[in-house]
$ cat protein-v7.csv   # CSV, N, CA and C atoms
chain,number,residue,atom,x,y,z
A,109,MET,N,8.0,-5.2,28.7
A,109,MET,CA,6.8,-4.9,28.1
A,109,MET,C,6.9,-4.7,26.6
A,110,ALA,N,6.0,-5.3,25.8
A,110,ALA,CA,6.1,-5.2,24.4
A,110,ALA,C,5.7,-3.8,23.9
A,111,LYS,N,6.4,-3.4,22.9
A,111,LYS,CA,6.1,-2.1,22.3
A,111,LYS,C,5.0,-2.2,21.2
A,112,THR,N,4.0,-1.4,21.3
A,112,THR,CA,2.9,-1.5,20.4
A,112,THR,C,3.2,-0.5,19.2
A,113,VAL,N,2.9,-1.0,18.0
A,113,VAL,CA,3.1,-0.2,16.9
A,113,VAL,C,1.8,0.4,16.4
A,114,LYS,N,1.8,1.7,16.2
A,114,LYS,CA,0.6,2.3,15.8
A,114,LYS,C,0.4,2.1,14.3
A,115,PRO,N,-0.8,1.7,13.8
A,115,PRO,CA,-0.9,1.5,12.4
A,115,PRO,C,-0.8,2.9,11.6
A,116,PRO,N,-0.3,2.8,10.4
A,116,PRO,CA,-0.1,4.0,9.7
A,116,PRO,C,-1.4,4.8,9.5
A,117,SER,N,-1.3,6.1,9.5
A,117,SER,CA,-2.5,6.9,9.3
A,117,SER,C,-2.5,7.4,7.9
A,118,LEU,N,-3.7,7.7,7.4
A,118,LEU,CA,-3.8,8.2,6.0
A,118,LEU,C,-3.1,9.5,5.8
A,119,ASP,N,-3.1,10.4,6.9
A,119,ASP,CA,-2.5,11.7,6.7
A,119,ASP,C,-1.0,11.6,6.8
A,120,ALA,N,-0.4,10.9,7.8
A,120,ALA,CA,1.0,10.8,8.0
A,120,ALA,C,1.7,9.8,7.1
A,121,ALA,N,1.0,8.9,6.5
A,121,ALA,CA,1.6,7.8,5.8
A,121,ALA,C,2.5,8.3,4.6
A,122,CYS,N,1.9,8.8,3.6
A,122,CYS,CA,2.7,9.1,2.4
A,122,CYS,C,2.1,10.4,1.8
A,123,LYS,N,2.6,11.5,2.1
A,123,LYS,CA,2.1,12.8,1.6
A,123,LYS,C,2.1,12.9,0.1
A,124,LYS,N,3.1,12.2,-0.5
A,124,LYS,CA,3.2,12.2,-2.0
A,124,LYS,C,1.9,11.7,-2.6
A,125,TYR,N,1.3,10.7,-2.0
A,125,TYR,CA,0.1,10.1,-2.6
A,125,TYR,C,-1.2,10.4,-1.9
A,126,SER,N,-1.2,11.4,-1.1
A,126,SER,CA,-2.3,11.7,-0.2
A,126,SER,C,-3.6,12.0,-1.1
A,127,LYS,N,-3.5,12.6,-2.2
A,127,LYS,CA,-4.7,12.8,-3.1
A,127,LYS,C,-5.3,11.5,-3.5
A,128,GLU,N,-4.4,10.6,-4.0
A,128,GLU,CA,-4.9,9.3,-4.5
A,128,GLU,C,-5.5,8.5,-3.3
A,129,LEU,N,-4.9,8.5,-2.2
A,129,LEU,CA,-5.4,7.8,-1.0
A,129,LEU,C,-6.8,8.4,-0.6
A,130,LYS,N,-6.9,9.7,-0.7
A,130,LYS,CA,-8.2,10.3,-0.3
A,130,LYS,C,-9.3,9.9,-1.3
A,131,GLU,N,-8.9,9.7,-2.6
A,131,GLU,CA,-9.9,9.3,-3.5
A,131,GLU,C,-10.4,7.8,-3.2
A,132,ILE,N,-9.4,7.0,-2.8
A,132,ILE,CA,-9.8,5.6,-2.4
A,132,ILE,C,-10.7,5.7,-1.2
A,133,GLU,N,-10.4,6.5,-0.2
A,133,GLU,CA,-11.2,6.6,1.0
A,133,GLU,C,-12.6,7.1,0.6
A,134,ASP,N,-12.7,8.1,-0.3
A,134,ASP,CA,-14.0,8.6,-0.7
A,134,ASP,C,-14.8,7.5,-1.4
A,135,ALA,N,-14.2,6.7,-2.2
A,135,ALA,CA,-14.9,5.7,-2.9
A,135,ALA,C,-15.4,4.6,-1.9
A,136,ALA,N,-14.6,4.4,-0.9
A,136,ALA,CA,-15.0,3.4,0.2
A,136,ALA,C,-16.1,3.9,1.0
A,137,LYS,N,-16.1,5.2,1.3
A,137,LYS,CA,-17.3,5.8,2.0
A,137,LYS,C,-18.5,5.7,1.2
A,138,ALA,N,-18.4,6.0,-0.1
A,138,ALA,CA,-19.6,5.9,-1.0
A,138,ALA,C,-20.1,4.5,-1.0
A,139,ALA,N,-19.3,3.5,-0.9
A,139,ALA,CA,-19.7,2.1,-1.0
A,139,ALA,C,-20.0,1.5,0.4
A,140,ASN,N,-20.0,2.4,1.4
A,140,ASN,CA,-20.3,1.9,2.8
A,140,ASN,C,-19.3,0.8,3.3
A,141,CYS,N,-18.1,0.8,2.9
A,141,CYS,CA,-17.2,-0.2,3.3
A,141,CYS,C,-16.0,0.4,4.1
A,142,ASP,N,-16.0,1.7,4.3
A,142,ASP,CA,-14.9,2.4,5.0
A,142,ASP,C,-14.6,1.9,6.4
A,143,THR,N,-15.5,1.3,7.0
A,143,THR,CA,-15.3,0.7,8.4
A,143,THR,C,-15.1,-0.8,8.4
A,144,ASN,N,-15.1,-1.4,7.2
A,144,ASN,CA,-15.0,-2.9,7.1
A,144,ASN,C,-13.5,-3.2,7.5
A,145,PHE,N,-13.4,-4.3,8.2
A,145,PHE,CA,-12.1,-4.8,8.7
A,145,PHE,C,-11.2,-5.1,7.5
A,146,LEU,N,-11.7,-5.8,6.5
A,146,LEU,CA,-10.8,-6.2,5.4
A,146,LEU,C,-10.4,-5.0,4.6
A,147,TYR,N,-11.3,-4.0,4.5
A,147,TYR,CA,-10.9,-2.8,3.8
A,147,TYR,C,-9.8,-2.0,4.6
A,148,ARG,N,-10.1,-1.8,5.9
A,148,ARG,CA,-9.1,-1.0,6.7
A,148,ARG,C,-7.8,-1.7,6.8
A,149,SER,N,-7.7,-3.0,7.0
A,149,SER,CA,-6.4,-3.7,7.1
A,149,SER,C,-5.7,-3.6,5.8
A,150,THR,N,-6.4,-3.8,4.7
A,150,THR,CA,-5.7,-3.7,3.4
A,150,THR,C,-5.2,-2.3,3.1
A,151,LEU,N,-6.0,-1.3,3.4
A,151,LEU,CA,-5.6,0.0,3.2
A,151,LEU,C,-4.3,0.4,4.1
A,152,ASP,N,-4.3,-0.1,5.3
A,152,ASP,CA,-3.1,0.1,6.2
A,152,ASP,C,-1.9,-0.6,5.5
A,153,ARG,N,-2.1,-1.8,5.0
A,153,ARG,CA,-1.0,-2.5,4.4
A,153,ARG,C,-0.5,-1.7,3.1
A,154,TYR,N,-1.4,-1.1,2.4
A,154,TYR,CA,-1.1,-0.4,1.2
A,154,TYR,C,-0.3,0.9,1.5
A,155,VAL,N,-0.7,1.6,2.6
A,155,VAL,CA,-0.1,2.8,3.0
A,155,VAL,C,1.4,2.4,3.5
A,156,THR,N,1.5,1.3,4.2
A,156,THR,CA,2.9,0.9,4.6
A,156,THR,C,3.7,0.6,3.4
A,157,GLN,N,3.2,0.0,2.4
A,157,GLN,CA,3.9,-0.3,1.1
A,157,GLN,C,4.3,0.9,0.4
A,158,LEU,N,3.5,2.0,0.4
A,158,LEU,CA,3.8,3.2,-0.2
A,158,LEU,C,5.0,3.9,0.5
A,159,ASP,N,5.0,3.8,1.8
A,159,ASP,CA,6.1,4.3,2.6
A,159,ASP,C,7.4,3.6,2.3
A,160,LEU,N,7.3,2.2,2.2
A,160,LEU,CA,8.5,1.5,1.8
A,160,LEU,C,9.0,1.8,0.4
A,161,LEU,N,8.1,2.1,-0.5
A,161,LEU,CA,8.5,2.5,-1.8
A,161,LEU,C,9.2,3.8,-1.8
A,162,SER,N,8.7,4.7,-1.0
A,162,SER,CA,9.3,6.1,-0.9
A,162,SER,C,10.7,5.9,-0.3
A,163,GLN,N,10.9,5.1,0.7
A,163,GLN,CA,12.2,4.9,1.3
A,163,GLN,C,13.2,4.3,0.3
A,164,ALA,N,12.7,3.3,-0.5
A,164,ALA,CA,13.5,2.6,-1.4
A,164,ALA,C,14.0,3.6,-2.5
A,165,GLN,N,13.0,4.5,-2.9
A,165,GLN,CA,13.4,5.5,-3.9
A,165,GLN,C,14.5,6.4,-3.4
A,166,MET,N,14.4,6.8,-2.2
A,166,MET,CA,15.4,7.7,-1.6
A,166,MET,C,16.8,6.9,-1.5
A,167,ASP,N,16.7,5.6,-1.2
A,167,ASP,CA,17.9,4.8,-1.1
A,167,ASP,C,18.6,4.6,-2.5
A,168,MET,N,17.8,4.6,-3.6
A,168,MET,CA,18.3,4.4,-4.9
A,168,MET,C,18.9,5.7,-5.5
A,169,LYS,N,18.6,6.9,-4.8
A,169,LYS,CA,19.2,8.1,-5.3
A,169,LYS,C,20.7,8.2,-5.3
A,170,CYS,N,21.3,7.4,-4.4
A,170,CYS,CA,22.7,7.3,-4.3
A,170,CYS,C,23.3,6.5,-5.5
A,171,GLY,N,22.5,5.9,-6.3
A,171,GLY,CA,23.0,5.1,-7.4
A,171,GLY,C,22.4,3.7,-7.5
A,172,LEU,N,22.5,3.2,-8.7
A,172,LEU,CA,22.0,1.8,-8.9
A,172,LEU,C,23.0,0.8,-8.4
A,173,THR,N,24.2,1.2,-8.1
A,173,THR,CA,25.2,0.3,-7.6
A,173,THR,C,25.8,0.9,-6.3
A,174,VAL,N,26.2,0.0,-5.4
A,174,VAL,CA,26.9,0.4,-4.2
A,174,VAL,C,28.2,-0.4,-4.0
A,175,THR,N,29.1,0.2,-3.2
A,175,THR,CA,30.3,-0.5,-2.9
A,175,THR,C,30.2,-1.4,-1.7
A,176,LYS,N,30.6,-2.6,-1.8
A,176,LYS,CA,30.5,-3.5,-0.7
A,176,LYS,C,31.9,-3.9,-0.3
A,177,VAL,N,32.2,-3.9,1.0
A,177,VAL,CA,33.5,-4.3,1.5
A,177,VAL,C,33.5,-5.7,2.0
A,178,THR,N,34.3,-6.6,1.4
A,178,THR,CA,34.3,-8.0,1.8
A,178,THR,C,35.0,-8.1,3.2
A,179,PRO,N,34.8,-9.3,3.9
A,179,PRO,CA,35.5,-9.4,5.2
A,179,PRO,C,37.0,-9.3,5.1
A,180,LYS,N,37.6,-9.5,3.9
A,180,LYS,CA,39.1,-9.4,3.7
A,180,LYS,C,39.5,-8.0,3.4
A,181,GLY,N,38.5,-7.1,3.3
A,181,GLY,CA,38.8,-5.7,3.0
A,181,GLY,C,38.7,-5.3,1.5
A,182,ALA,N,38.4,-6.2,0.6
A,182,ALA,CA,38.3,-5.9,-0.8
A,182,ALA,C,37.0,-5.2,-1.0
A,183,GLU,N,37.0,-4.2,-2.0
A,183,GLU,CA,35.8,-3.5,-2.3
A,183,GLU,C,35.3,-4.1,-3.6
A,184,MET,N,33.9,-4.3,-3.6
A,184,MET,CA,33.2,-4.8,-4.8
A,184,MET,C,32.1,-3.8,-5.1
A,185,GLU,N,31.8,-3.6,-6.4
A,185,GLU,CA,30.6,-2.9,-6.7
A,185,GLU,C,29.5,-3.8,-7.0
A,186,ILE,N,28.4,-3.7,-6.3
A,186,ILE,CA,27.2,-4.6,-6.5
A,186,ILE,C,26.0,-3.8,-6.7
A,187,ALA,N,25.0,-4.5,-7.2
A,187,ALA,CA,23.7,-3.8,-7.4
A,187,ALA,C,23.1,-3.3,-6.1
A,188,ASN,N,22.5,-2.1,-6.1
A,188,ASN,CA,21.9,-1.5,-4.9
A,188,ASN,C,20.8,-2.4,-4.5
A,189,PRO,N,20.8,-2.9,-3.3
A,189,PRO,CA,19.7,-3.8,-2.8
A,189,PRO,C,18.3,-3.1,-2.8
A,190,ALA,N,18.3,-1.7,-2.8
A,190,ALA,CA,17.1,-1.0,-2.8
A,190,ALA,C,16.3,-1.2,-4.1
A,191,VAL,N,17.0,-1.5,-5.2
A,191,VAL,CA,16.3,-1.8,-6.5
A,191,VAL,C,15.4,-3.0,-6.3
A,192,GLN,N,16.0,-4.1,-5.8
A,192,GLN,CA,15.2,-5.3,-5.6
A,192,GLN,C,14.0,-5.1,-4.6
A,193,ILE,N,14.3,-4.4,-3.6
A,193,ILE,CA,13.3,-4.1,-2.6
A,193,ILE,C,12.2,-3.3,-3.2
A,194,TYR,N,12.5,-2.3,-4.0
A,194,TYR,CA,11.6,-1.5,-4.7
A,194,TYR,C,10.7,-2.3,-5.6
A,195,ASN,N,11.3,-3.2,-6.5
A,195,ASN,CA,10.6,-4.0,-7.4
A,195,ASN,C,9.6,-4.9,-6.7
A,196,GLN,N,10.1,-5.6,-5.6
A,196,GLN,CA,9.2,-6.5,-4.9
A,196,GLN,C,8.0,-5.8,-4.2
A,197,THR,N,8.3,-4.6,-3.6
A,197,THR,CA,7.3,-3.9,-2.9
A,197,THR,C,6.3,-3.3,-3.9
A,198,ALA,N,6.8,-2.8,-5.1
A,198,ALA,CA,5.9,-2.3,-6.1
A,198,ALA,C,4.9,-3.4,-6.6
A,199,SER,N,5.4,-4.6,-6.8
A,199,SER,CA,4.5,-5.7,-7.2
A,199,SER,C,3.5,-6.0,-6.1
A,200,ALA,N,3.9,-6.0,-4.8
A,200,ALA,CA,3.0,-6.2,-3.7
A,200,ALA,C,2.0,-5.1,-3.6
A,201,ALA,N,2.4,-3.9,-3.8
A,201,ALA,CA,1.5,-2.7,-3.7
A,201,ALA,C,0.5,-2.8,-4.8
A,202,ASN,N,0.9,-3.1,-6.0
A,202,ASN,CA,-0.1,-3.3,-7.1
A,202,ASN,C,-1.2,-4.3,-6.8
A,203,SER,N,-0.7,-5.4,-6.2
A,203,SER,CA,-1.7,-6.5,-5.8
A,203,SER,C,-2.6,-6.0,-4.7
A,204,THR,N,-2.0,-5.3,-3.7
A,204,THR,CA,-2.8,-4.8,-2.6
A,204,THR,C,-3.9,-3.7,-3.1
A,205,VAL,N,-3.5,-2.8,-3.9
A,205,VAL,CA,-4.5,-1.9,-4.4
A,205,VAL,C,-5.6,-2.5,-5.2
A,206,SER,N,-5.2,-3.6,-6.0
A,206,SER,CA,-6.2,-4.4,-6.7
A,206,SER,C,-7.2,-5.0,-5.7
A,207,THR,N,-6.7,-5.5,-4.6
A,207,THR,CA,-7.6,-6.1,-3.6
A,207,THR,C,-8.5,-5.0,-3.0
A,208,LEU,N,-7.9,-3.8,-2.7
A,208,LEU,CA,-8.7,-2.7,-2.2
A,208,LEU,C,-9.9,-2.3,-3.1
A,209,LEU,N,-9.5,-2.2,-4.4
A,209,LEU,CA,-10.6,-1.9,-5.4
A,209,LEU,C,-11.6,-2.9,-5.5
A,210,ARG,N,-11.2,-4.2,-5.4
A,210,ARG,CA,-12.2,-5.3,-5.5
A,210,ARG,C,-13.2,-5.2,-4.3
A,211,VAL,N,-12.6,-5.0,-3.1
A,211,VAL,CA,-13.5,-4.8,-1.9
A,211,VAL,C,-14.5,-3.7,-2.1
A,212,ILE,N,-14.0,-2.6,-2.6
A,212,ILE,CA,-14.9,-1.4,-2.8
A,212,ILE,C,-16.0,-1.8,-3.8
A,213,GLN,N,-15.6,-2.4,-4.9
A,213,GLN,CA,-16.5,-2.8,-6.0
A,213,GLN,C,-17.6,-3.8,-5.4
A,214,GLN,N,-17.1,-4.7,-4.6
A,214,GLN,CA,-18.1,-5.7,-4.0
A,214,GLN,C,-19.1,-5.0,-3.1
A,215,PHE,N,-18.6,-4.1,-2.3
A,215,PHE,CA,-19.6,-3.4,-1.4
A,215,PHE,C,-20.5,-2.5,-2.3
A,216,LYS,N,-20.0,-1.9,-3.3
A,216,LYS,CA,-20.8,-1.0,-4.2
A,216,LYS,C,-21.9,-1.9,-4.8
A,217,PHE,N,-21.5,-3.1,-5.3
A,217,PHE,CA,-22.5,-4.0,-5.8
A,217,PHE,C,-23.5,-4.4,-4.8
A,218,MET,N,-23.1,-4.7,-3.6
A,218,MET,CA,-24.1,-5.1,-2.5
A,218,MET,C,-25.0,-4.0,-2.2
A,219,VAL,N,-24.5,-2.8,-2.2
A,219,VAL,CA,-25.4,-1.6,-1.9
A,219,VAL,C,-26.4,-1.4,-3.0
A,220,ALA,N,-25.9,-1.6,-4.2
A,220,ALA,CA,-26.8,-1.4,-5.4
A,220,ALA,C,-27.9,-2.4,-5.4
A,221,ASN,N,-27.6,-3.6,-5.0
A,221,ASN,CA,-28.6,-4.7,-5.0
A,221,ASN,C,-29.4,-4.8,-3.8
A,222,ALA,N,-29.1,-4.0,-2.8
A,222,ALA,CA,-29.9,-4.1,-1.5
A,222,ALA,C,-31.2,-3.4,-1.7
A,223,GLY,N,-31.4,-2.5,-2.7
A,223,GLY,CA,-32.6,-1.9,-2.9
A,223,GLY,C,-33.6,-2.7,-3.8
A,224,GLU,N,-33.1,-3.7,-4.4
A,224,GLU,CA,-34.0,-4.6,-5.3
A,224,GLU,C,-34.9,-5.5,-4.4
A,225,ASP,N,-36.1,-5.7,-4.9
A,225,ASP,CA,-37.0,-6.6,-4.2
A,225,ASP,C,-36.5,-8.0,-4.4
A,226,ASP,N,-36.7,-8.8,-3.3
A,226,ASP,CA,-36.4,-10.2,-3.3
A,226,ASP,C,-37.6,-11.0,-4.0
A,227,ASP,N,-37.3,-11.8,-5.0
A,227,ASP,CA,-38.4,-12.5,-5.7
A,227,ASP,C,-38.9,-13.6,-4.8
A,228,LEU,N,-38.2,-14.1,-3.8
A,228,LEU,CA,-38.7,-15.2,-3.0
A,228,LEU,C,-39.5,-14.6,-2.0
$ encode --input "protein-v7.csv" --output "structure tokens"
Amino acid sequence: MAKTVKPPSLDAACKKYSKELKEIEDAAKAANCDTNFLYRSTLDRYVTQLDLLSQAQMDMKCGLTVTKVTPKGAEMEIANPAVQIYNQTASAANSTVSTLLRVIQQFKFMVANAGEDDDL
């Protein structure tokens, strides 16, 4: 039987950014898009990315370099892989939050224009 993965929740996802996430949720509610699939799925993705960023930050606390042992037993100092993961995830998170804000702006625009009379 396949294991189902529960999508991240706003509360449990990333307590470090809970205030900022709450502000995004409030803006979405004001724009009437808080139940929209595109908004919800993008928000879930953003929360997951924030969790990944937090994990990468914790991994980088041990240093920017790590010791790698080759198959022959030699030790080499290499760049911490968490640095690359952090940079890639940060770029993706920035893009995701831009998408979130565009969705909210689009819904806000649609709500504002819904009250206008149609000339046709």
$ atom_distance --input "protein-v7.csv" --atom1 "atom C of Asp142 in chain A" --atom2 "atom N of Ser126 in chain A"
18.1 Å
$ residues_around --input "protein-v7.csv" --residues "Ala190 in chain A" --least-positions-apart "4" --cutoff "12 Å" --atoms "only C-alpha atoms" --output "list in words"
Leu160, Leu161, Ser162, Gln163, Ala164, Gln165, Met166, Asp167, Met168, Lys169, Cys170, Gly171, Leu172, Thr173, Val174, Ile186, Tyr194, Asn195, Gln196, Thr197 and Ala198 of chain A
$ closest_residue --input "protein-v7.csv" --among "A:Ser203, A:Gln192, A:Phe215, A:Val155" --to "Lys130 in chain A" --atoms "only C-alpha atoms"
A:Val155
$ atom_distance --input "protein-v7.csv" --atom1 "CA of Asn144 in chain A" --atom2 "CA of Ser199 in chain A"
24.3 Å
$ select_by_dssp --input "protein-v7.csv" --residues "chain A" --states "helix (DSSP H, G or I)" --output "PyMOL selection string"
chain A and resi 118-121+123-138+145-168+189-222
$ atom_distance --input "protein-v7.csv" --atom1 "CA of Ser206 in chain A" --atom2 "CA of Thr150 in chain A"
10.1 Å
